[in-house]
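Asks: The file below is final-v2.txt, compact mmCIF, C-alpha atoms (C1' of nucleotides):
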```txt
# COMPACT_ATOMS: atom_id res chain seq x y z
CA MET A 1051 0.00 0.00 0.00
CA SER A 1052 1.41 3.36 -1.02
CA LYS A 1053 1.80 6.17 1.47
CA LYS A 1054 -1.04 7.99 -0.24
CA GLU A 1055 -3.38 5.03 0.16
CA ALA A 1056 -2.27 4.64 3.77
CA LEU A 1057 -3.03 8.31 4.42
CA LEU A 1058 -6.54 7.95 2.99
CA LYS A 1059 -7.14 4.80 5.02
CA ALA A 1060 -5.99 6.49 8.23
CA ALA A 1061 -8.12 9.53 7.47
CA GLU A 1062 -11.17 7.36 6.79
CA ASN A 1063 -10.88 5.71 10.18
CA LYS A 1064 -10.66 9.02 11.95
CA VAL A 1065 -13.43 10.76 10.02
CA ARG A 1066 -15.82 7.86 10.48
CA LEU A 1067 -15.32 8.12 14.24
CA GLY A 1068 -15.47 11.86 14.70
CA GLY A 1069 -16.02 13.82 11.51
CA TYR A 1070 -13.96 16.06 9.28
CA SER A 1071 -12.19 17.83 12.11
CA ASN A 1072 -11.19 14.57 13.75
CA PHE A 1073 -8.02 14.17 11.71
CA SER A 1074 -4.97 16.33 11.29
CA PHE A 1075 -2.07 16.15 8.85
CA ARG A 1076 0.26 15.50 11.77
CA GLU A 1077 -1.68 12.53 13.11
CA LEU A 1078 -2.01 11.01 9.65
CA ALA A 1079 1.67 11.53 8.96
CA ASN A 1080 2.68 9.90 12.23
CA GLU A 1081 0.50 6.89 11.54
CA VAL A 1082 1.98 6.21 8.12
CA GLY A 1083 5.53 7.14 9.07
CA ILE A 1084 6.20 10.38 7.21
CA LYS A 1085 6.31 14.05 8.19
CA SER A 1086 3.22 16.22 8.14
CA ALA A 1087 4.67 18.51 5.51
CA SER A 1088 4.97 15.55 3.19
CA VAL A 1089 1.25 14.95 3.33
CA HIS A 1090 0.90 18.17 1.37
CA TYR A 1091 2.80 16.55 -1.46
CA HIS A 1092 -0.04 14.06 -1.92
CA PHE A 1093 -2.88 16.41 -0.97
CA PRO A 1094 -2.27 20.15 -1.38
CA THR A 1095 -4.90 21.06 1.23
CA LYS A 1096 -7.01 19.30 3.82
CA ALA A 1097 -10.07 19.92 1.67
CA ASP A 1098 -8.39 18.10 -1.22
CA LEU A 1099 -7.78 15.11 1.02
CA GLY A 1100 -11.34 15.18 2.33
CA ALA A 1101 -12.82 15.41 -1.14
CA GLU A 1102 -10.72 12.56 -2.50
CA LEU A 1103 -11.60 10.48 0.54
CA ALA A 1104 -15.34 10.96 0.03
CA HIS A 1105 -14.97 10.36 -3.70
CA GLN A 1106 -13.19 7.05 -3.27
CA TYR A 1107 -15.54 6.02 -0.47
CA THR A 1108 -18.50 6.55 -2.78
CA ASN A 1109 -16.87 4.61 -5.60
CA SER A 1110 -16.00 1.68 -3.32
CA PHE A 1111 -19.51 1.68 -1.94
CA LEU A 1112 -21.13 1.57 -5.35
CA THR A 1113 -18.72 -1.09 -6.57
CA ALA A 1114 -19.48 -3.26 -3.55
CA LEU A 1115 -23.20 -2.94 -4.27
CA GLY A 1116 -23.12 -4.05 -7.87
CA GLU A 1117 -26.04 -3.49 -10.22
CA PRO A 1118 -29.55 -3.73 -8.76
CA ASN A 1119 -31.00 -5.45 -11.79
CA ALA A 1120 -28.16 -7.95 -11.94
CA LEU A 1121 -28.72 -8.78 -8.26
CA LYS A 1122 -32.41 -9.22 -8.88
CA ALA A 1123 -31.69 -11.44 -11.87
CA SER A 1124 -29.46 -13.66 -9.74
CA GLY A 1125 -32.27 -14.18 -7.24
CA LYS A 1126 -31.17 -11.70 -4.61
CA ASN A 1127 -33.22 -8.90 -3.11
CA PRO A 1128 -31.09 -5.80 -3.81
CA ILE A 1129 -32.51 -4.03 -0.75
CA ASN A 1130 -31.18 -6.83 1.44
CA VAL A 1131 -27.78 -6.46 -0.22
CA TYR A 1132 -27.89 -2.74 0.46
CA THR A 1133 -28.89 -3.26 4.09
CA GLN A 1134 -26.13 -5.81 4.53
CA LEU A 1135 -23.51 -3.31 3.36
CA PHE A 1136 -24.62 -0.86 6.05
CA ARG A 1137 -24.72 -3.62 8.63
CA SER A 1138 -21.14 -4.65 7.96
CA ALA A 1139 -19.98 -1.03 8.14
CA LEU A 1140 -21.54 -0.84 11.60
CA VAL A 1141 -20.81 -4.33 12.93
CA THR A 1142 -17.47 -5.14 11.30
CA ASP A 1143 -15.90 -1.69 11.06
CA ARG A 1144 -17.67 -0.43 14.19
CA LYS A 1145 -17.82 2.96 12.54
CA MET A 1146 -20.34 5.37 11.06
CA CYS A 1147 -20.95 5.70 7.34
CA LEU A 1148 -18.34 8.25 6.21
CA CYS A 1149 -20.84 10.28 4.22
CA GLY A 1150 -23.53 9.99 6.87
CA LEU A 1151 -21.29 11.71 9.36
CA LEU A 1152 -19.97 14.24 6.85
CA GLY A 1153 -23.50 14.91 5.63
CA ALA A 1154 -24.65 15.80 9.13
CA GLU A 1155 -21.93 18.44 9.37
CA SER A 1156 -22.39 19.44 5.75
CA ASP A 1157 -22.82 23.13 6.54
CA SER A 1158 -19.34 23.46 7.94
CA LEU A 1159 -17.54 21.50 5.23
CA PRO A 1160 -15.33 22.95 2.49
CA GLU A 1161 -17.27 23.22 -0.75
CA LYS A 1162 -15.42 20.48 -2.62
CA VAL A 1163 -15.95 18.01 0.23
CA ARG A 1164 -19.63 18.86 0.50
CA LEU A 1165 -20.08 18.22 -3.22
CA GLU A 1166 -18.60 14.75 -2.91
CA VAL A 1167 -20.93 13.94 -0.01
CA LYS A 1168 -23.89 15.11 -2.08
CA ARG A 1169 -22.74 12.83 -4.87
CA PHE A 1170 -22.74 9.88 -2.45
CA PHE A 1171 -26.41 10.40 -1.62
CA ASN A 1172 -27.51 11.20 -5.15
CA GLU A 1173 -25.88 8.00 -6.40
CA ASN A 1174 -27.33 6.00 -3.51
CA LEU A 1175 -30.83 7.32 -4.14
CA ALA A 1176 -30.53 6.47 -7.82
CA TRP A 1177 -29.37 2.96 -6.97
CA LEU A 1178 -32.15 2.42 -4.42
CA THR A 1179 -34.80 3.79 -6.76
CA ALA A 1180 -33.73 1.26 -9.40
CA ALA A 1181 -33.65 -1.47 -6.75
CA HIS A 1182 -37.15 -0.78 -5.44
CA SER A 1183 -38.33 -0.50 -9.01
CA ALA A 1184 -36.89 -3.93 -9.79
CA ASN A 1185 -38.78 -5.22 -6.75
CA GLY A 1186 -42.04 -3.98 -8.25
CA ASP A 1187 -42.42 -1.20 -5.71
CA LEU A 1188 -45.18 1.20 -6.75
CA ASN A 1189 -43.37 4.24 -5.34
CA PRO A 1190 -39.66 3.50 -5.76
CA THR A 1191 -38.56 7.12 -5.27
CA GLN A 1192 -40.25 7.37 -1.91
CA SER A 1193 -39.05 3.93 -0.85
CA ALA A 1194 -35.49 4.87 -1.80
CA ILE A 1195 -35.35 7.92 0.47
CA GLN A 1196 -37.05 5.96 3.24
CA THR A 1197 -34.57 3.10 2.98
CA VAL A 1198 -31.44 5.23 3.11
CA SER A 1199 -32.89 7.46 5.85
CA LEU A 1200 -33.78 4.50 8.04
CA LEU A 1201 -30.35 2.91 7.60
CA GLU A 1202 -28.34 6.06 8.24
CA GLY A 1203 -30.49 6.91 11.24
CA ALA A 1204 -30.40 3.42 12.70
CA MET A 1205 -26.65 3.32 12.27
CA MET A 1206 -26.19 6.59 14.08
CA ILE A 1207 -28.42 5.61 16.99
CA SER A 1208 -26.78 2.20 17.35
CA LYS A 1209 -23.38 3.89 17.47
CA THR A 1210 -24.62 6.43 20.02
CA LEU A 1211 -26.20 3.85 22.30
CA ASP A 1212 -23.34 1.43 21.58
CA ASP A 1213 -25.74 -1.42 20.87
CA ASN A 1214 -26.15 -2.96 17.43
CA SER A 1215 -29.47 -4.55 18.33
CA TYR A 1216 -31.10 -1.20 17.61
CA PHE A 1217 -29.92 -1.48 14.02
CA GLU A 1218 -31.21 -5.02 13.81
CA LEU A 1219 -34.60 -4.08 15.19
CA ALA A 1220 -34.91 -1.04 12.93
CA THR A 1221 -34.14 -3.08 9.81
CA LYS A 1222 -36.17 -6.16 10.70
CA LEU A 1223 -39.38 -6.68 8.77
CA THR A 1224 -42.47 -5.80 10.82
CA GLU A 1225 -44.24 -8.94 12.01
CA MET B 1370 -31.26 36.68 28.29
CA SER B 1371 -28.26 36.12 30.56
CA LYS B 1372 -24.79 35.80 29.14
CA LYS B 1373 -24.82 32.14 30.07
CA GLU B 1374 -28.03 31.55 28.15
CA ALA B 1375 -26.64 33.52 25.23
CA LEU B 1376 -23.51 31.38 25.22
CA LEU B 1377 -25.56 28.19 25.12
CA LYS B 1378 -27.73 29.57 22.32
CA ALA B 1379 -24.67 30.56 20.27
CA ALA B 1380 -23.08 27.17 20.89
CA GLU B 1381 -26.25 25.36 19.87
CA ASN B 1382 -26.32 27.16 16.54
CA LYS B 1383 -22.75 26.28 15.80
CA VAL B 1384 -22.92 22.65 16.93
CA ARG B 1385 -26.10 22.02 14.96
CA LEU B 1386 -24.31 23.21 11.82
CA GLY B 1387 -20.96 21.51 12.24
CA GLY B 1388 -20.65 19.40 15.35
CA TYR B 1389 -18.81 19.64 18.64
CA SER B 1390 -15.62 21.03 17.17
CA ASN B 1391 -17.49 23.75 15.29
CA PHE B 1392 -17.49 26.17 18.20
CA SER B 1393 -14.72 27.71 20.24
CA PHE B 1394 -14.76 29.75 23.43
CA ARG B 1395 -13.39 32.71 21.48
CA GLU B 1396 -16.16 32.69 18.89
CA LEU B 1397 -18.86 32.28 21.51
CA ALA B 1398 -17.40 35.07 23.61
CA ASN B 1399 -17.27 37.44 20.62
CA GLU B 1400 -20.87 36.72 19.75
CA VAL B 1401 -22.22 37.50 23.19
CA GLY B 1402 -19.84 40.39 23.85
CA ILE B 1403 -17.49 39.10 26.54
CA LYS B 1404 -13.92 37.81 26.60
CA SER B 1405 -13.10 34.17 26.02
CA ALA B 1406 -11.62 33.77 29.50
CA SER B 1407 -14.98 34.83 30.96
CA VAL B 1408 -16.70 31.89 29.34
CA HIS B 1409 -14.76 29.68 31.74
CA TYR B 1410 -16.56 31.38 34.61
CA HIS B 1411 -19.85 29.94 33.37
CA PHE B 1412 -18.46 26.66 32.03
CA PRO B 1413 -15.17 25.40 33.49
CA THR B 1414 -14.35 23.34 30.40
CA LYS B 1415 -15.64 22.90 26.88
CA ALA B 1416 -16.98 19.47 27.86
CA ASP B 1417 -19.03 21.07 30.63
CA LEU B 1418 -20.56 23.46 28.15
CA GLY B 1419 -21.25 20.68 25.67
CA ALA B 1420 -22.85 18.47 28.29
CA GLU B 1421 -25.08 21.23 29.62
CA LEU B 1422 -26.04 22.14 26.06
CA ALA B 1423 -27.11 18.58 25.26
CA HIS B 1424 -28.89 18.28 28.60
CA GLN B 1425 -30.96 21.41 28.09
CA TYR B 1426 -31.63 20.51 24.47
CA THR B 1427 -33.06 17.17 25.57
CA ASN B 1428 -35.21 18.81 28.24
CA SER B 1429 -36.58 21.42 25.83
CA PHE B 1430 -37.29 18.72 23.30
CA LEU B 1431 -39.23 16.57 25.75
CA THR B 1432 -41.12 19.56 27.10
CA ALA B 1433 -42.13 20.61 23.59
CA LEU B 1434 -43.43 17.10 22.94
CA GLY B 1435 -45.69 16.81 25.96
CA GLU B 1436 -47.08 13.50 27.12
CA PRO B 1437 -47.99 10.92 24.44
CA ASN B 1438 -51.11 9.73 26.24
CA ALA B 1439 -52.30 13.30 26.83
CA LEU B 1440 -51.85 14.05 23.12
CA LYS B 1441 -53.76 10.94 22.20
CA ALA B 1442 -56.52 11.86 24.65
CA SER B 1443 -56.87 15.27 23.03
CA GLY B 1444 -57.37 13.67 19.62
CA LYS B 1445 -53.87 14.13 18.24
CA ASN B 1446 -51.61 11.44 16.80
CA PRO B 1447 -48.46 11.70 18.95
CA ILE B 1448 -46.31 10.41 16.08
CA ASN B 1449 -47.45 13.34 13.96
CA VAL B 1450 -46.55 15.69 16.79
CA TYR B 1451 -43.14 14.08 17.01
CA THR B 1452 -42.58 14.30 13.27
CA GLN B 1453 -43.64 17.94 13.28
CA LEU B 1454 -41.02 18.78 15.89
CA PHE B 1455 -38.31 17.35 13.66
CA ARG B 1456 -39.76 19.11 10.64
CA SER B 1457 -39.65 22.50 12.33
CA ALA B 1458 -36.05 21.89 13.44
CA LEU B 1459 -35.16 21.28 9.81
CA VAL B 1460 -37.41 23.81 8.05
CA THR B 1461 -37.56 26.66 10.56
CA ASP B 1462 -34.12 26.39 12.16
CA ARG B 1463 -32.49 25.06 8.99
CA LYS B 1464 -30.23 23.00 11.21
CA MET B 1465 -29.59 19.40 12.18
CA CYS B 1466 -30.88 17.86 15.38
CA LEU B 1467 -28.21 18.66 17.96
CA CYS B 1468 -28.07 15.13 19.30
CA GLY B 1469 -28.29 13.58 15.86
CA LEU B 1470 -25.10 15.31 14.87
CA LEU B 1471 -23.38 14.71 18.20
CA GLY B 1472 -24.50 11.09 18.15
CA ALA B 1473 -22.83 10.52 14.80
CA GLU B 1474 -19.51 11.74 16.19
CA SER B 1475 -20.15 10.03 19.52
CA ASP B 1476 -16.83 8.18 19.54
CA SER B 1477 -14.79 11.36 19.64
CA LEU B 1478 -16.87 13.17 22.27
CA PRO B 1479 -15.88 13.77 25.90
CA GLU B 1480 -17.53 11.21 28.15
CA LYS B 1481 -19.94 13.59 29.86
CA VAL B 1482 -21.19 14.92 26.53
CA ARG B 1483 -21.65 11.44 25.12
CA LEU B 1484 -23.73 10.45 28.16
CA GLU B 1485 -26.09 13.37 27.59
CA VAL B 1486 -26.51 12.40 23.96
CA LYS B 1487 -27.32 8.86 24.99
CA ARG B 1488 -29.91 10.22 27.38
CA PHE B 1489 -31.54 12.10 24.50
CA PHE B 1490 -32.08 8.92 22.52
CA ASN B 1491 -33.08 6.78 25.47
CA GLU B 1492 -35.72 9.33 26.45
CA ASN B 1493 -36.88 9.66 22.86
CA LEU B 1494 -37.22 5.92 22.43
CA ALA B 1495 -39.21 5.68 25.65
CA TRP B 1496 -41.51 8.47 24.48
CA LEU B 1497 -42.00 6.92 21.06
CA THR B 1498 -42.63 3.48 22.47
CA ALA B 1499 -45.39 4.94 24.65
CA ALA B 1500 -46.75 6.86 21.66
CA HIS B 1501 -46.88 3.85 19.35
CA SER B 1502 -48.39 1.87 22.18
CA ALA B 1503 -51.12 4.47 22.62
CA ASN B 1504 -51.77 4.14 18.88
CA GLY B 1505 -52.40 0.44 19.32
CA ASP B 1506 -49.20 -0.55 17.54
CA LEU B 1507 -48.48 -4.26 18.01
CA ASN B 1508 -44.72 -3.75 18.15
CA PRO B 1509 -44.20 -0.33 19.73
CA THR B 1510 -40.52 -0.90 20.55
CA GLN B 1511 -39.66 -1.68 16.96
CA SER B 1512 -41.81 1.15 15.64
CA ALA B 1513 -40.09 3.57 18.03
CA ILE B 1514 -36.59 2.84 16.77
CA GLN B 1515 -37.83 2.92 13.17
CA THR B 1516 -39.52 6.27 13.66
CA VAL B 1517 -36.55 8.05 15.20
CA SER B 1518 -34.13 6.43 12.72
CA LEU B 1519 -36.18 7.52 9.75
CA LEU B 1520 -36.50 11.08 11.02
CA GLU B 1521 -32.84 11.53 11.93
CA GLY B 1522 -31.76 10.01 8.64
CA ALA B 1523 -34.19 12.01 6.54
CA MET B 1524 -33.12 15.18 8.30
CA MET B 1525 -29.48 14.52 7.61
CA ILE B 1526 -30.03 13.72 3.94
CA SER B 1527 -32.26 16.77 3.41
CA LYS B 1528 -29.56 18.95 4.96
CA THR B 1529 -26.87 17.35 2.81
CA LEU B 1530 -28.80 17.69 -0.42
CA ASP B 1531 -30.14 21.07 0.71
CA ASP B 1532 -33.70 20.13 -0.22
CA ASN B 1533 -36.43 19.67 2.37
CA SER B 1534 -38.63 17.76 -0.04
CA TYR B 1535 -36.58 14.67 0.77
CA PHE B 1536 -37.73 14.96 4.37
CA GLU B 1537 -41.32 15.39 3.26
CA LEU B 1538 -41.19 12.38 0.98
CA ALA B 1539 -39.53 10.22 3.62
CA THR B 1540 -42.16 11.06 6.22
CA LYS B 1541 -45.19 10.92 3.94
CA LEU B 1542 -47.48 7.94 4.37
CA THR B 1543 -47.07 5.39 1.58
CA GLU B 1544 -49.95 5.62 -0.87
C1' DT C 672 -19.33 44.50 52.07
C1' DA C 673 -19.76 40.26 49.98
C1' DT C 674 -20.31 37.88 45.93
C1' DA C 675 -20.96 37.56 40.99
C1' DA C 676 -19.21 38.55 36.62
C1' DA C 677 -16.08 39.99 33.95
C1' DT C 678 -11.33 41.74 32.80
C1' DT C 679 -6.12 41.58 31.40
C1' DA C 680 -2.46 38.98 30.43
C1' DC C 681 -0.76 35.04 29.86
C1' DC C 682 0.42 29.77 28.88
C1' DT C 683 1.14 25.43 26.17
C1' DA C 684 -0.30 22.72 22.41
C1' DT C 685 -1.78 22.19 17.98
C1' DC C 686 -3.57 23.59 13.61
C1' DG C 687 -3.07 23.97 8.24
C1' DG C 688 0.17 25.61 5.36
C1' DT C 689 4.76 27.31 3.20
C1' DA C 690 9.80 27.72 1.97
C1' DG C 691 13.62 25.63 0.58
C1' DG C 692 16.25 21.67 0.09
C1' DT C 693 17.71 16.73 -1.19
C1' DA C 694 18.43 11.77 -2.60
C1' DG C 695 17.28 8.81 -6.10
C1' DG C 696 15.10 7.60 -10.25
C1' DT C 697 13.34 8.69 -15.08
C1' DT C 698 13.26 10.97 -19.45
C1' DG C 699 15.03 13.49 -23.38
C1' DT C 700 18.69 15.12 -26.31
C1' DT C 701 22.96 14.92 -28.54
C1' DA D 1315 26.95 6.29 -23.82
C1' DA D 1316 26.87 10.71 -21.57
C1' DC D 1317 24.80 14.38 -19.55
C1' DA D 1318 21.27 17.73 -18.64
C1' DA D 1319 16.70 18.32 -17.17
C1' DC D 1320 13.09 16.89 -14.75
C1' DC D 1321 10.14 14.17 -11.46
C1' DT D 1322 8.89 11.69 -7.13
C1' DA D 1323 8.76 11.51 -2.45
C1' DC D 1324 10.23 12.92 0.95
C1' DC D 1325 12.87 16.11 4.64
C1' DT D 1326 13.83 20.26 8.25
C1' DA D 1327 12.45 24.45 9.86
C1' DC D 1328 9.27 27.69 10.34
C1' DC D 1329 4.95 30.77 9.79
C1' DG D 1330 0.64 33.08 11.68
C1' DA D 1331 -3.49 31.64 13.66
C1' DT D 1332 -6.20 29.39 16.85
C1' DA D 1333 -7.27 26.02 20.35
C1' DG D 1334 -8.53 25.25 25.46
C1' DG D 1335 -7.22 26.75 29.74
C1' DT D 1336 -5.23 29.43 34.07
C1' DA D 1337 -4.06 33.14 37.60
C1' DA D 1338 -4.55 37.44 39.34
C1' DT D 1339 -7.19 41.42 39.30
C1' DT D 1340 -10.94 44.69 38.55
C1' DT D 1341 -15.76 46.07 38.09
C1' DA D 1342 -20.60 45.76 38.95
C1' DT D 1343 -24.49 44.42 41.68
C1' DA D 1344 -27.40 42.93 45.73
```
Show the structure stored in the file as structure tokens.
Replies:
Amino acid sequence: MSKKEALLKAAENKVRLGGYSNFSFRELANEVGIKSASVHYHFPTKADLGAELAHQYTNSFLTALGEPNALKASGKNPINVYTQLFRSALVTDRKMCLCGLLGAESDSLPEKVRLEVKRFFNENLAWLTAAHSANGDLNPTQSAIQTVSLLEGAMMISKTLDDNSYFELATKLTE
Amino acid sequence: MSKKEALLKAAENKVRLGGYSNFSFRELANEVGIKSASVHYHFPTKADLGAELAHQYTNSFLTALGEPNALKASGKNPINVYTQLFRSALVTDRKMCLCGLLGAESDSLPEKVRLEVKRFFNENLAWLTAAHSANGDLNPTQSAIQTVSLLEGAMMISKTLDDNSYFELATKLTE
DNA sequence: TATAAATTACCTATCGGTAGGTAGGTTGTT
DNA sequence: AACAACCTACCTACCGATAGGTAATTTATA
């Protein structure tokens, strides 16, 4: 892993635990074994680092999801796949969704970071709308915003109360 | 309004836009017209201020809600009342829920602040469970976590995408 | 005359960012 | 092949600004 990749990885961990202001060039540099000034070689400003981080996070997320129609065709419920990706972020990583946290503090973010966070949600809503559509949902647009809202909210509350069973209960089908 | 109240009000505005690290004693002091050192007279440390802020926010929130059974008795749907309180936070204040934002960055918060944020959600879940119960809901505990998750998530996404119609669509009854 | 509330004047630590330099490798030209 | 020019990936040293916090003192109020 290159130093640049290591810096992004270290930044992701910190941001997902405490937001944009929860990492500094010095901390990142220490973690990967270079000097803080050298971080500027890879990322001219902190905003550049933040924007690239959100951009790559979004790309990885979408790649991990795959195509909703392809999932449907292979017998999977794409909404379950989507939910599972959130679950593993919470349970395995024990961290918030990067863009969920950044989105909440959107107003205080540098412009270029905020735009990348917006892209995350626009792409997610498009994916979920296609997924609900493939499921025969009569109002896929509404279902899409409800799905992502529920998951982001449940994730945040489970983190706050330090108990993943809240996430499980929130995402369980009503009996 | 006392200086102390003014400090809390100024802090609330800043935290609801950018989180715990989005306010400093200097900024707060400037806004209310005192010196930063004087803020320490009212709040020994930043954590004390943050904890008191979250505590009062929770109290105000619960007071504004009233009692679920009393609402029900007066012909109102308590869940609609609850939703409306979130809506006005988003539409009127144009800001995130204080504890929603703090909850997301829970891991990086001072202990005493984190405890107050936990209290917010525990109290909210208790209120919502009683409300769904009063509505005759067969699984009020599950409905409670789903309601607060959906609202916090929808609020965050509407803020991020700077479009309140996402909140409206997320909270609209499915047709 | 107490006490509350604020002041001045600091402190140490850290922040993002910049200036200037360097070792080692690559590319381009003759 | 030789050499100049350039690039990559760092370094040391430092900048002004800001962070949270403290001690001693003054001012205002009950």
Asks: Using only C-alpha atoms (C1' of nucleotides), select each residue of chain C with any atom at most 12 Å away from an atom of chain B, and give the selection as a list in words.
Replies: DA675, DA676, DA677, DT678, DT679, DA680 and DC681 of chain C
Asks: Using all atoms listed in the file, which of the listed residues (B:Leu1386, B:Leu1478, B:Ala1499, B:Ala1380) sits closest to Arg1463 in chain B?
Replies: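 Checking each of B:Leu1386, B:Leu1478, B:Ala1499, B:Ala1380 against Arg1463 in chain B, counting all atoms listed in the file, the winner is B:Leu1386.
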Asks: To one decimal place in Å, what is the distance between CA of Lys1528 in chain B and CA of Leu1459 in chain B?
Replies: 7.8 Å
Asks: If you take only C-alpha atoms (C1' of nucleotides) and a cut-off of 8 Å, which residues of range 1381-1490 of chain B touch range 1323-1344 of chain D, and what are their nearest atom pairs and distances in Å to one decimal, in chain and number order, as CSV?
Replies:
```
residue,atom,partner,partner_atom,distance
B:Ser1393,CA,D:DA1333,C1',7.6
B:Phe1394,CA,D:DG1334,C1',7.9
B:Thr1414,CA,D:DG1334,C1',7.9
B:Lys1415,CA,D:DG1334,C1',7.6
```
Asks: Quick one: everything within 12 Å of Phe1170 in chain A, counting only C-alpha atoms (C1' of nucleotides), minus sequence neighbours fewer than 6 positions away in the same chain. Send it as a list in words.
Replies: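 Residues near the query, excluding close chain neighbours: Ala1101, Leu1103, Ala1104, His1105, Gln1106, Tyr1107, Thr1108, Asn1109, Ser1110, Phe1111, Leu1112, Cys1147, Leu1148, Cys1149, Gly1150, Leu1152, Gly1153, Val1163, Arg1164, Ala1176, Trp1177 and Val1198 of chain A; Ile1526, Thr1529 and Leu1530 of chain B.
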Asks: Select, as a PyMOL selection string, those residues of chain B with any atom no more than 8 Å from chain A (distances computed using all atoms listed in the file).
Replies: chain B and resi 1385-1388+1390-1391+1465+1469-1470+1472-1478+1483+1486-1487+1490+1508+1511-1512+1514-1515+1517-1523+1525-1526+1528-1530+1535+1538-1540+1543
Asks: Have a look at A:Lys1059, A:Arg1076, A:Lys1126, A:His1090 and name the one nearest to chain D; count all atoms listed in the file.
Replies: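 The closest residue to chain D is A:His1090.
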Asks: Measure the distance from CA of Asp1462 in chain B to CA of Leu1434 in chain B in Å and round it to one decimal.
Replies: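 Rounded to one decimal, the two atoms are 17.0 Å apart.
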Asks: Just how far from CA of Thr1133 in chain A is CA of Ala1500 in chain B, in Å to one decimal?
Replies: 27.0 Å
Asks: Counting all atoms listed in the file, which of A:Thr1113, A:Asn1119, A:Ser1215, A:Asn1080 gets nearest to His1182 in chain A?
Replies: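 Answer, going by the shortest atom-to-atom distance: A:Asn1119.
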